[in-house]
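See structure below.
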Amino acid sequence: SVKDKFFGSVKVFPNPASKQFFLTLDMPTPKACRVFIKSMDGKTLVSQPLQAQASWNAYPVSVAGISSGIYLLQIQSGSEVMTQKLVIE
């Protein structure tokens, strides 16, 4: 789990993921966000909107069809961005 002053507590599990993973956010306030999965060269493979409520949120994110490797998981809301490593096997 990663602590962030804007996004609260962020957890990705399982990581490594195979077909899907869950993203949990413990948000201090409600926020419209977007989740991106990007290749290491910056190409966007997944772009998924989500509306996070204040408190605990859990979202399934599919990675079916994405090749095994190391990717960047980004959560964005307005100008705020948090990046975390994601392993797909």
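Each chain in the structure tokens gets a letter, A, B and so on, in the order shown; residues start at 1 in every chain, and ligands are counted from 1 in the order they appear.
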Skipping near chain neighbours, those fewer than 3 positions away, what residues fall within 10 Å of Gln20 in chain A using only C-alpha atoms, listed as a list in words?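 So the residues in contact are Phe13, Pro14, Asn15, Pro16, Ala17, Leu23, Pro60, Val61, Ser62, Val63, Ala64 and Ile88 of chain A.
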Store the residues picked out above in a file with N, CA, C and O atoms, as a short mmCIF file (atom, residue, chain, number, x, y, z; two decimals), in the first residue's frame.
data_model
loop_
_atom_site.label_atom_id
_atom_site.label_comp_id
_atom_site.auth_asym_id
_atom_site.auth_seq_id
_atom_site.Cartn_x
_atom_site.Cartn_y
_atom_site.Cartn_z
N PHE A 13 -3.63 -5.16 -5.91
CA PHE A 13 -3.44 -6.59 -5.62
C PHE A 13 -4.31 -7.43 -6.54
O PHE A 13 -5.39 -6.98 -6.92
N PRO A 14 -3.89 -8.60 -6.96
CA PRO A 14 -2.51 -9.08 -6.77
C PRO A 14 -1.56 -8.34 -7.70
O PRO A 14 -1.97 -7.86 -8.75
N ASN A 15 -0.33 -8.24 -7.31
CA ASN A 15 0.72 -7.64 -8.13
C ASN A 15 1.97 -8.46 -7.88
O ASN A 15 2.58 -8.31 -6.84
N PRO A 16 2.30 -9.40 -8.79
CA PRO A 16 1.91 -9.51 -10.19
C PRO A 16 0.46 -9.95 -10.40
O PRO A 16 -0.10 -10.70 -9.61
N ALA A 17 -0.12 -9.44 -11.49
CA ALA A 17 -1.49 -9.77 -11.88
C ALA A 17 -1.47 -10.64 -13.12
O ALA A 17 -0.50 -10.63 -13.88
N LEU A 23 -7.77 -2.38 -7.55
CA LEU A 23 -7.19 -1.12 -7.11
C LEU A 23 -8.06 -0.63 -5.97
O LEU A 23 -9.28 -0.49 -6.13
N PRO A 60 -12.15 -3.35 -9.83
CA PRO A 60 -11.44 -4.36 -10.62
C PRO A 60 -10.95 -3.73 -11.92
O PRO A 60 -11.66 -2.92 -12.53
N VAL A 61 -9.74 -4.07 -12.33
CA VAL A 61 -9.19 -3.57 -13.59
C VAL A 61 -8.70 -4.79 -14.38
O VAL A 61 -7.88 -5.56 -13.89
N SER A 62 -9.22 -4.95 -15.59
CA SER A 62 -8.84 -6.10 -16.42
C SER A 62 -7.51 -5.84 -17.11
O SER A 62 -7.27 -4.76 -17.65
N VAL A 63 -6.65 -6.87 -17.10
CA VAL A 63 -5.40 -6.81 -17.85
C VAL A 63 -5.33 -7.99 -18.83
O VAL A 63 -4.27 -8.31 -19.35
N ALA A 64 -6.49 -8.62 -19.07
CA ALA A 64 -6.56 -9.74 -20.02
C ALA A 64 -6.11 -9.23 -21.39
O ALA A 64 -6.50 -8.15 -21.82
N ILE A 88 2.64 -7.77 -14.85
CA ILE A 88 1.64 -8.65 -15.44
C ILE A 88 2.37 -9.93 -15.84
O ILE A 88 3.40 -9.89 -16.49
#
Quick one: DSSP strand (DSSP E) residues in chain A, as a ChimeraX atom specification? /A:2-4,8-13,20-27,31-38,44-52,55-62,69-77,80-88
Pick out the residues sitting within 10 Å of Gly65 in chain A, and hand them over as a list in words; count only C-alpha atoms, and ignore anything fewer than 3 positions along from it in its own chain.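 Non-adjacent residues within range: Ser18, Lys19, Ser62 and Ser68 of chain A.
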When you look at Met40 in chain A with a cut-off of 9 Å (counting only C-alpha atoms), what residues show up, excluding the ones that are within fewer than 5 positions of it in the same chain? I need them as a ChimeraX atom specification. /A:70-72
Best match for closeness to Ser79 in chain A among A:Ala32, A:Val46, A:Val12, A:Val2, counting only C-alpha atoms: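 Among the listed residues, A:Ala32 lies closest to Ser79 in chain A.
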For Ser67 in chain A, which residue among A:Ser55, A:Gln84, A:Ser39, A:Thr44 is the nearest when counting only C-alpha atoms?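 Result for the nearest residue to Ser67 in chain A: A:Ser39.
With CA of Lys5 in chain A on one side and CA of Asn57 in chain A on the other, the separation reads 16.0 Å.
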Proximity to Thr83 in chain A - best of A:Met27, A:Ala54, A:Val35, A:Gly8, only C-alpha atoms: A:Val35
Rounded to one decimal in Å, what is the spacing between CA of Tyr59 in chain A and CA of Gln76 in chain A?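 A separation of 14.7 Å between them.
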